[in-house]
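Asks: Right, I'll just put the structure down here and ask away after.
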Amino acid sequence: MVANSSLLLRAIQWALAFLLALCLANSAHADQVTAALDKNVVAENEVVQLTIRTDFTNTGNGPDLTPLKRDFEILGRSQNSQFSFNLGTNQALNFWVVTLMPKAVGNFQIPPIQVGDKASEALYLEVKPAQQMTDRNGNPLVMLKFKANKTEPYVQEQVLITLELYSAVNIQSASLSMPNHPNLVTERLTDDQMRYEEINGTSYQIMTREYVAFPQRSGMLELSNQSIEGLVNTRNGTRKINVKSQPITLNVLPIPASYGNSNWLPTDAVAIRSTISNTVSNPRVGDTLIWEIDITAQGVLGEQLPTLNFASTRAYKLYPTSPSFESSTSINGVTGRQSMRIEVVPTQSGPLELPTVEINYWDPVSRSVKSASAKAPVVDIAPLPGTTETPNTNISAPLASSDANSDNQTQNLPPQSSSVAPISLAKPKAAPQTEQANSDQNAPAPLEVVVQSEEDDSNAWKGFLAAALIGIGVIGIGAWLWVRRKNHSKAPTGDEVPTLQEFAPLSSANETLAYQALINGCRDNNLATLRLNLLEWARHRWGDNTIRGVDDIKRLADTPHLTQLLMEAELVMYSHTAATQWNGNALADALEEYVTGEKKPSQASQLKTLYPNF
C-alpha cells in the first residue's frame, strides 16, 4: 500500500510539472517578436522583404519602422492576422510584411523592431553592386535622352526641349522628372507622343515629351540631367531603377546692341494683316469704317508682341479698342497673336489712306534686324451731299490741301479714346436752293444779279429779293466754312475728342505723390498695380496727350536699362507660369536713378548681367 501511494504521488508531481512547463512555454511563446528576411544577399536597387510576427494581441500601433529609414527606403507595408484555438486556449498571430530598398552598397544591420513592449532580434543584410540591366542582346532595358533644338538662344527666345524615354520592359510606379531652372520659364507643349522602334535587335517603346522654354538671363545656363525612377520585374525579382540622362548646357546670348531701344522681339517669322471694311456701300464724310489689324509671330507669346498706337489726323479720326492677345501651342512651339479693331471716321473727302503697320523684330537665324509691314487698301470717301454741287468754287477751297495749309491738313491728333457715333457735320443751307427755284423765271443763274429796267416796275422787287436771299445764303455758307476751317486750325475740344483726364482722371495730386506710390509698389513687389502706377506718374511728368501706354514711357525715358526692366516685368505679368516671383527692387532703383540722375550705390539689378552690352 505504501508503495502504491508513493507511485501515485510521483505521477501527480510529474503531471503538475508537465502542465507548469507547458504553461511557461506558451507564455514565453506568446511574448515573442520574430523578424526574418526573404534573402540575406541582394544586389543594388533590388528590393527585399522583411516579415515581422508577433504572438500576442496587445501590439499597440504595430511595429516601429523608424530605425529602418536611415539605410532603407520603405516602399510598402501590409498586415495580416490569424487566430487559432487548441485545447481550450486561443492564440493570436500578427504578421507585417515590409518592402525595403537599400540606399547604398555594403553590409547593413536591420536593428531590432519594437512592437508594443517587445522587440525582435537584429538581422544582417549584404548589398552588392548591381550590374547594368541589359537584355540578352546586351542593350540597356531603359534609356533617357534629353536634348534641345538650339544651344545658343537669345534672351527670351523660344527653345524647344525634348525628353525621350526608351523602355524595353514595363516600368511600375514610374516617376519622371521635369526640366526646371530659376532663370527659365518652362511650359508643356502637347500630350505625350508614343512610338515603337527597334534598336540593335531590341524593341523599345519610346515616349516623347515636349517642352517650350524662354531663358530670362544671358550667360551659361545648365539644365541638370533628368531622371526616371520605378520598379521592373526581372528573373531575380523586383528591382528598382534610377536612370539619368545627360545634362543640357545653353549659352544664352544678350540683346544685341544693334537692335536699338525698341520692343525686343526674337522671332524668325512675323505676319501682319491690315484690312478696312465699310459699314456702308459708298462711304462718305462722317461714316464709320472698321480697320482690323492681325499680327502673328512664331516662337513668342502673344503678350510679347508690341502694342501699336496710331494718331488721328485732319483727314480722319481713330477710335481704337483694347487689343486682344492669344498664344497657341503645337509640336512646333508657341505662336503669338495680337488683334486690334479700330473705328475710323473720315473728316475729309477723297482717298482715305491709313498708316502702314510696321513691326521690327530680331531674326535669330540671320542674326539681323528685320521688319514686317502691311498697308490697308485705299478707300474713296465721298463728300457730304450738296457740297460738290455748289457752283461757288471758293466754297470747297478750304477742304482741299494747299501749299499754305498742308501742314495743318496732315497734322496728327491724339487717337480718340472711345467709340462714338459718326461725326455729324454741319448741313448745307437749304434757303438758297428754295429761293433759286422761285426765281428761275427771272434769273438765268443763281449767283447772277439781274438788273431790271425802270419800265418793269412790277417785277423789280422780285429781282432785289432774289439777290438778297442769294447773298444771305452765300454769307451763311461762307460763315460755316470759316467756322469749320477755324476748328481745323486748333486741337479738338472736349466736345469733339474726350481727353484722357475726362474719362480716366488722375488719382494723385502731383507728380511727387504719384512717383512715391510707384516706388512703394515696386518695393512691395506688387505687380498688379505696377501698370496703373507707371501711367499715373508718367501722365504727371509728360502730360495726358503724350502718354497712352507703357511703350510711350520707354520711348520718352530713352534709357535702355529702364526699358529692359519694364519689358521683364511685362513678360512676368502676362506669363501663365512664371519661374520666380517678380522682384520690383531693381525697377525701383532704376526709376530713382532716372529721376535723380545719380547712380545708386546699392546692389546692381539682375538685368545688368542679363544685358552686358548696355
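Chain labels follow the order of the C-alpha cells: the first chain is A, the next B, and so on; residue numbering restarts at 1 in every chain, and ligands are counted from 1 in their shown order.
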Fewer than 4 positions away in the same chain doesn't count, so skip those; otherwise give me all residues within 12 Å of Leu354 (chain A), counting only C-alpha atoms, as a ChimeraX atom specification.
Replies: /A:274-276,289-293,310-313,315-318,342-346,374-380,410
Asks: Could you turn the residues from that selection into a file that holds N, CA and C atoms, as a compact mmCIF listing (two decimals), in the first residue's frame?
Replies:
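In the end it all went to out_39.txt:
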# COMPACT_ATOMS: atom_id res chain seq x y z
N SER A 274 -3.61 93.86 -92.51
CA SER A 274 -4.25 95.14 -92.27
C SER A 274 -5.38 95.30 -93.29
N THR A 275 -6.62 95.31 -92.82
CA THR A 275 -7.78 95.40 -93.70
C THR A 275 -8.72 96.48 -93.18
N ILE A 276 -9.52 97.02 -94.09
CA ILE A 276 -10.52 98.01 -93.74
C ILE A 276 -11.83 97.62 -94.42
N LEU A 289 -15.86 103.47 -90.61
CA LEU A 289 -15.18 102.33 -91.23
C LEU A 289 -14.48 101.53 -90.13
N ILE A 290 -14.27 100.24 -90.39
CA ILE A 290 -13.64 99.33 -89.43
C ILE A 290 -12.26 98.95 -89.95
N TRP A 291 -11.25 99.29 -89.17
CA TRP A 291 -9.85 98.95 -89.51
C TRP A 291 -9.43 97.81 -88.58
N GLU A 292 -9.09 96.67 -89.16
CA GLU A 292 -8.70 95.48 -88.40
C GLU A 292 -7.24 95.15 -88.69
N ILE A 293 -6.50 94.88 -87.60
CA ILE A 293 -5.08 94.55 -87.69
C ILE A 293 -4.85 93.25 -86.95
N PHE A 310 -1.73 104.50 -83.04
CA PHE A 310 -1.87 105.32 -84.23
C PHE A 310 -2.59 106.61 -83.85
N ALA A 311 -2.16 107.71 -84.46
CA ALA A 311 -2.73 109.01 -84.15
C ALA A 311 -3.76 109.41 -85.21
N SER A 312 -4.77 110.15 -84.75
CA SER A 312 -5.73 110.72 -85.69
C SER A 312 -5.07 111.86 -86.46
N THR A 313 -5.63 112.18 -87.62
CA THR A 313 -5.16 113.30 -88.44
C THR A 313 -6.34 114.19 -88.79
N ALA A 315 -7.58 114.33 -91.60
CA ALA A 315 -8.37 113.63 -92.61
C ALA A 315 -9.25 112.54 -92.02
N TYR A 316 -8.95 112.07 -90.81
CA TYR A 316 -9.76 111.02 -90.19
C TYR A 316 -9.51 111.03 -88.68
N LYS A 317 -10.44 110.40 -87.97
CA LYS A 317 -10.32 110.22 -86.53
C LYS A 317 -10.38 108.73 -86.22
N LEU A 318 -9.59 108.32 -85.23
CA LEU A 318 -9.47 106.91 -84.87
C LEU A 318 -10.04 106.68 -83.48
N ILE A 342 -10.14 99.05 -84.88
CA ILE A 342 -10.16 100.50 -84.77
C ILE A 342 -11.29 101.03 -85.65
N GLU A 343 -12.12 101.88 -85.07
CA GLU A 343 -13.15 102.56 -85.85
C GLU A 343 -12.55 103.83 -86.44
N VAL A 344 -12.76 104.03 -87.76
CA VAL A 344 -12.21 105.16 -88.49
C VAL A 344 -13.37 106.01 -88.99
N VAL A 345 -13.33 107.29 -88.67
CA VAL A 345 -14.35 108.24 -89.14
C VAL A 345 -13.65 109.28 -90.01
N PRO A 346 -13.83 109.23 -91.34
CA PRO A 346 -13.20 110.23 -92.22
C PRO A 346 -13.83 111.60 -92.03
N ALA A 374 2.44 95.96 -93.39
CA ALA A 374 1.22 95.75 -94.18
C ALA A 374 0.48 97.07 -94.22
N LYS A 375 -0.23 97.29 -95.32
CA LYS A 375 -0.95 98.55 -95.51
C LYS A 375 -2.37 98.23 -95.93
N ALA A 376 -3.32 98.93 -95.33
CA ALA A 376 -4.72 98.74 -95.68
C ALA A 376 -5.01 99.37 -97.04
N PRO A 377 -5.94 98.81 -97.80
CA PRO A 377 -6.27 99.40 -99.10
C PRO A 377 -6.86 100.80 -98.96
N VAL A 378 -6.66 101.61 -100.00
CA VAL A 378 -7.16 102.98 -100.01
C VAL A 378 -8.66 102.96 -100.32
N VAL A 379 -9.42 103.77 -99.59
CA VAL A 379 -10.87 103.87 -99.76
C VAL A 379 -11.21 105.28 -100.19
N ASP A 380 -12.06 105.39 -101.22
CA ASP A 380 -12.51 106.70 -101.68
C ASP A 380 -13.67 107.17 -100.82
N THR A 410 -2.37 117.69 -92.47
CA THR A 410 -1.80 116.37 -92.15
C THR A 410 -1.32 116.27 -90.72
Asks: Need to verify the contact set: Lys600 (chain A), 9 Å, only C-alpha atoms, exclusion of same-chain residues closer than 6 positions in sequence. Can you return it as a list of chain:residue names?
Replies: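 Near neighbours after the sequence-gap exclusion: A:Asp589, A:Ala590, A:Glu592, A:Glu593.
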Asks: Where does DSSP see strand (DSSP E or B) in region 91-156 of chain A, if you list the residues as a ChimeraX atom specification?
Replies: /A:91-102,106-110,114-115,118-119,123-128,134,140,142-148,154
Asks: Could you list, as a JSON list (two decimals) with N, CA and C atoms, in the first residue's frame, every residue within 12 Å of Val232 (chain A), counting only C-alpha atoms and ignoring same-chain residues fewer than 4 positions away?
Replies:
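Dumped everything to out.json:
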[["chain", "number", "residue", "atom", "x", "y", "z"],
["A", 45, "ASN", "N", 19.75, 48.32, -55.83],
["A", 45, "ASN", "CA", 18.45, 48.64, -56.41],
["A", 45, "ASN", "C", 17.51, 47.44, -56.45],
["A", 46, "GLU", "N", 17.79, 46.42, -55.67],
["A", 46, "GLU", "CA", 16.91, 45.27, -55.57],
["A", 46, "GLU", "C", 16.14, 45.34, -54.25],
["A", 47, "VAL", "N", 14.87, 45.00, -54.31],
["A", 47, "VAL", "CA", 14.03, 45.09, -53.11],
["A", 47, "VAL", "C", 14.19, 43.84, -52.26],
["A", 133, "MET", "N", 21.51, 46.69, -66.11],
["A", 133, "MET", "CA", 20.36, 45.89, -66.51],
["A", 133, "MET", "C", 20.25, 45.90, -68.03],
["A", 141, "LEU", "N", 17.89, 48.11, -70.70],
["A", 141, "LEU", "CA", 16.43, 47.97, -70.68],
["A", 141, "LEU", "C", 15.73, 49.32, -70.69],
["A", 142, "VAL", "N", 16.36, 50.35, -70.12],
["A", 142, "VAL", "CA", 15.75, 51.68, -70.03],
["A", 142, "VAL", "C", 16.81, 52.71, -70.40],
["A", 167, "SER", "N", 12.05, 52.36, -73.27],
["A", 167, "SER", "CA", 11.85, 51.27, -72.31],
["A", 167, "SER", "C", 11.56, 49.98, -73.07],
["A", 168, "ALA", "N", 12.33, 48.92, -72.69],
["A", 168, "ALA", "CA", 12.12, 47.59, -73.25],
["A", 168, "ALA", "C", 11.37, 46.69, -72.28],
["A", 169, "VAL", "N", 11.05, 47.19, -71.08],
["A", 169, "VAL", "CA", 10.30, 46.44, -70.07],
["A", 169, "VAL", "C", 9.22, 47.35, -69.51],
["A", 170, "ASN", "N", 8.30, 46.75, -68.81],
["A", 170, "ASN", "CA", 7.24, 47.52, -68.16],
["A", 170, "ASN", "C", 7.78, 48.13, -66.88],
["A", 171, "ILE", "N", 7.60, 49.44, -66.72],
["A", 171, "ILE", "CA", 8.08, 50.16, -65.54],
["A", 171, "ILE", "C", 6.90, 50.43, -64.63],
["A", 172, "GLN", "N", 7.01, 49.98, -63.39],
["A", 172, "GLN", "CA", 5.94, 50.19, -62.42],
["A", 172, "GLN", "C", 6.28, 51.38, -61.52],
["A", 173, "SER", "N", 5.22, 52.10, -61.14],
["A", 173, "SER", "CA", 5.37, 53.27, -60.25],
["A", 173, "SER", "C", 6.43, 54.23, -60.76],
["A", 174, "ALA", "N", 6.37, 54.51, -62.06],
["A", 174, "ALA", "CA", 7.38, 55.37, -62.68],
["A", 174, "ALA", "C", 7.19, 56.82, -62.26],
["A", 236, "ASN", "N", 15.49, 37.74, -61.23],
["A", 236, "ASN", "CA", 15.93, 37.69, -59.83],
["A", 236, "ASN", "C", 15.00, 38.41, -58.87],
["A", 237, "GLY", "N", 13.85, 38.84, -59.39],
["A", 237, "GLY", "CA", 12.89, 39.54, -58.53],
["A", 237, "GLY", "C", 12.68, 40.97, -58.99],
["A", 238, "THR", "N", 11.98, 41.72, -58.17],
["A", 238, "THR", "CA", 11.67, 43.12, -58.48],
["A", 238, "THR", "C", 12.86, 44.01, -58.13],
["A", 239, "ARG", "N", 13.23, 44.85, -59.08],
["A", 239, "ARG", "CA", 14.36, 45.74, -58.86],
["A", 239, "ARG", "C", 13.95, 47.18, -59.14],
["A", 240, "LYS", "N", 14.55, 48.08, -58.41],
["A", 240, "LYS", "CA", 14.32, 49.50, -58.61],
["A", 240, "LYS", "C", 15.33, 50.04, -59.60],
["A", 241, "ILE", "N", 14.87, 50.90, -60.50],
["A", 241, "ILE", "CA", 15.77, 51.52, -61.46],
["A", 241, "ILE", "C", 15.79, 53.02, -61.22],
["A", 242, "ASN", "N", 16.91, 53.62, -61.52],
["A", 242, "ASN", "CA", 17.08, 55.07, -61.47],
["A", 242, "ASN", "C", 18.01, 55.46, -62.61]]
Asks: Considering only C-alpha atoms, return as JSON, numbers by chain whatever protein or nucleic-acid residues lie within 12 Å of Ala569 (chain A), sequence-local ones (same chain, fewer than 4 positions apart) excluded.
Replies: {"A": [216, 303, 304, 522, 525, 526, 527, 528, 529, 530, 531, 534, 550, 562, 563, 564, 565, 573, 574, 575, 578, 580, 581, 582, 583, 584, 585, 586, 587, 588, 607]}
Asks: Which residue is closest to Thr162 (chain A)? Choose from A:Ala122, A:Leu93, A:Ile331, A:Val42 and count only C-alpha atoms.
Replies: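 For Thr162 (chain A), the nearest of the candidates is A:Ile331.
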Asks: Find, counting only C-alpha atoms, the residue in A:Ala148, A:Gln114, A:Ala297, A:Ser322 that gets nearest to Thr66 (chain A).
Replies: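 Going through A:Ala148, A:Gln114, A:Ala297, A:Ser322 one by one, the smallest distance to Thr66 (chain A) is for A:Gln114.
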Asks: Name all residues at most 12 Å from Thr190 (chain A) (count only C-alpha atoms; drop same-chain ones fewer than 5 positions away) and give them as a ChimeraX atom specification.
Replies: /A:160,162,208-212,328-334
Asks: Those same residues - C-alpha atoms - I'd like them written as a PDB file, in the first residue's frame.
Replies:
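For reference, selection_10.pdb as written:
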ATOM      1  CA  LEU A 160      12.204  73.530 -77.715  1.00  0.00           C
ATOM      2  CA  THR A 162      12.599  67.155 -75.856  1.00  0.00           C
ATOM      3  CA  THR A 208       8.326  61.725 -76.203  1.00  0.00           C
ATOM      4  CA  ARG A 209       7.529  64.733 -74.036  1.00  0.00           C
ATOM      5  CA  GLU A 210       7.929  68.249 -75.478  1.00  0.00           C
ATOM      6  CA  TYR A 211       8.569  71.484 -73.565  1.00  0.00           C
ATOM      7  CA  VAL A 212       8.970  75.108 -74.607  1.00  0.00           C
ATOM      8  CA  SER A 328      -1.396  78.768 -79.099  1.00  0.00           C
ATOM      9  CA  THR A 329       0.884  75.744 -78.828  1.00  0.00           C
ATOM     10  CA  SER A 330       1.723  72.950 -81.222  1.00  0.00           C
ATOM     11  CA  ILE A 331       4.504  70.464 -81.782  1.00  0.00           C
ATOM     12  CA  ASN A 332       6.490  73.317 -83.394  1.00  0.00           C
ATOM     13  CA  GLY A 333       6.277  75.594 -80.369  1.00  0.00           C
ATOM     14  CA  VAL A 334       4.319  78.709 -79.447  1.00  0.00           C
TER      15      VAL A 334
END
Asks: Here is a test: counting only C-alpha atoms, which residue of A:Pro111, A:Pro182, A:Pro129, A:Pro63 is nearest to Val98 (chain A)?
Replies: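 Nearest to Val98 (chain A): A:Pro63.
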Asks: With only C-alpha atoms as the basis for distance, which of A:Glu197, A:Asp38, A:Glu536, A:Glu222 is at the shortest distance from Val252 (chain A)?
Replies: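 The answer is A:Glu222, which sits nearest to Val252 (chain A).
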Asks: Can you pull out the residues contacting region 255-272 of chain A? Cut-off 8 Å, using only C-alpha atoms, and skip same-chain residues under 4 positions away; I want them as a short mmCIF file (atom, residue, chain, number, x, y, z; two decimals) with C-alpha atoms, in the first residue's frame.
Replies:
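This went into out_24.cif:
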data_model
loop_
_atom_site.label_atom_id
_atom_site.label_comp_id
_atom_site.auth_asym_id
_atom_site.auth_seq_id
_atom_site.Cartn_x
_atom_site.Cartn_y
_atom_site.Cartn_z
CA TYR A 154 18.90 84.78 -77.29
CA VAL A 155 17.28 86.12 -74.15
CA GLN A 156 13.51 85.39 -74.24
CA GLU A 157 13.88 83.36 -77.43
CA ILE A 293 -5.08 94.55 -87.69
CA ASP A 294 -3.89 90.98 -87.02
CA ILE A 295 -0.28 90.20 -86.10
CA THR A 296 1.10 86.68 -85.69
CA ALA A 297 4.65 85.67 -84.76
CA GLN A 298 6.29 82.27 -84.36
CA GLY A 299 8.11 81.39 -81.17
CA VAL A 300 6.78 84.21 -78.96
CA GLN A 304 5.45 89.74 -76.20
CA LEU A 305 4.11 91.46 -79.34
CA PRO A 306 4.43 95.27 -79.18
CA VAL A 357 1.56 98.83 -89.87
CA ASN A 360 10.72 95.42 -86.23
CA TYR A 361 12.00 92.10 -84.92
CA TRP A 362 15.24 90.20 -84.47
CA ASP A 363 15.82 87.18 -86.70
CA PRO A 364 17.93 84.71 -84.66
CA VAL A 365 18.80 82.69 -87.76
CA VAL A 369 17.09 93.22 -87.60
CA ALA A 372 7.32 93.20 -91.45
CA SER A 373 4.70 95.62 -92.69
CA ALA A 374 1.22 95.75 -94.18
CA ARG A 555 10.27 105.91 -75.65
CA ASP A 558 15.08 106.64 -73.58
CA PRO A 560 17.93 101.06 -72.20
CA THR A 563 13.33 99.77 -70.79
CA MET A 567 9.98 94.51 -70.57
CA TYR A 611 22.28 92.67 -70.83
CA ASN A 613 26.06 95.24 -73.84
CA PHE A 614 24.20 98.06 -72.17
#
Asks: Which of these, A:Glu73, A:Asp55, A:Asp287, A:Glu570, has the shortest distance to Thr307 (chain A) once you count only C-alpha atoms?
Replies: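 For Thr307 (chain A), the nearest of the candidates is A:Glu570.
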Asks: Between A:Thr288, A:Asn80, A:Asn107, A:Ser366, single out the one closest to Gly62 (chain A), counting only C-alpha atoms.
Replies: A:Asn80
Asks: Quick check, in Å to one decimal: how far apart do CA of Tyr515 (chain A) and CA of Glu568 (chain A) lie?
Replies: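 Interatomic distance here is 20.2 Å.
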Asks: Taking the DSSP secondary structure from the backbone, can you list the residues of region 504-607 of chain A that are alpha helix (DSSP H), as a PyMOL selection string?
Replies: chain A and resi 511-523+530-542+550-557+560-574+585-596+607
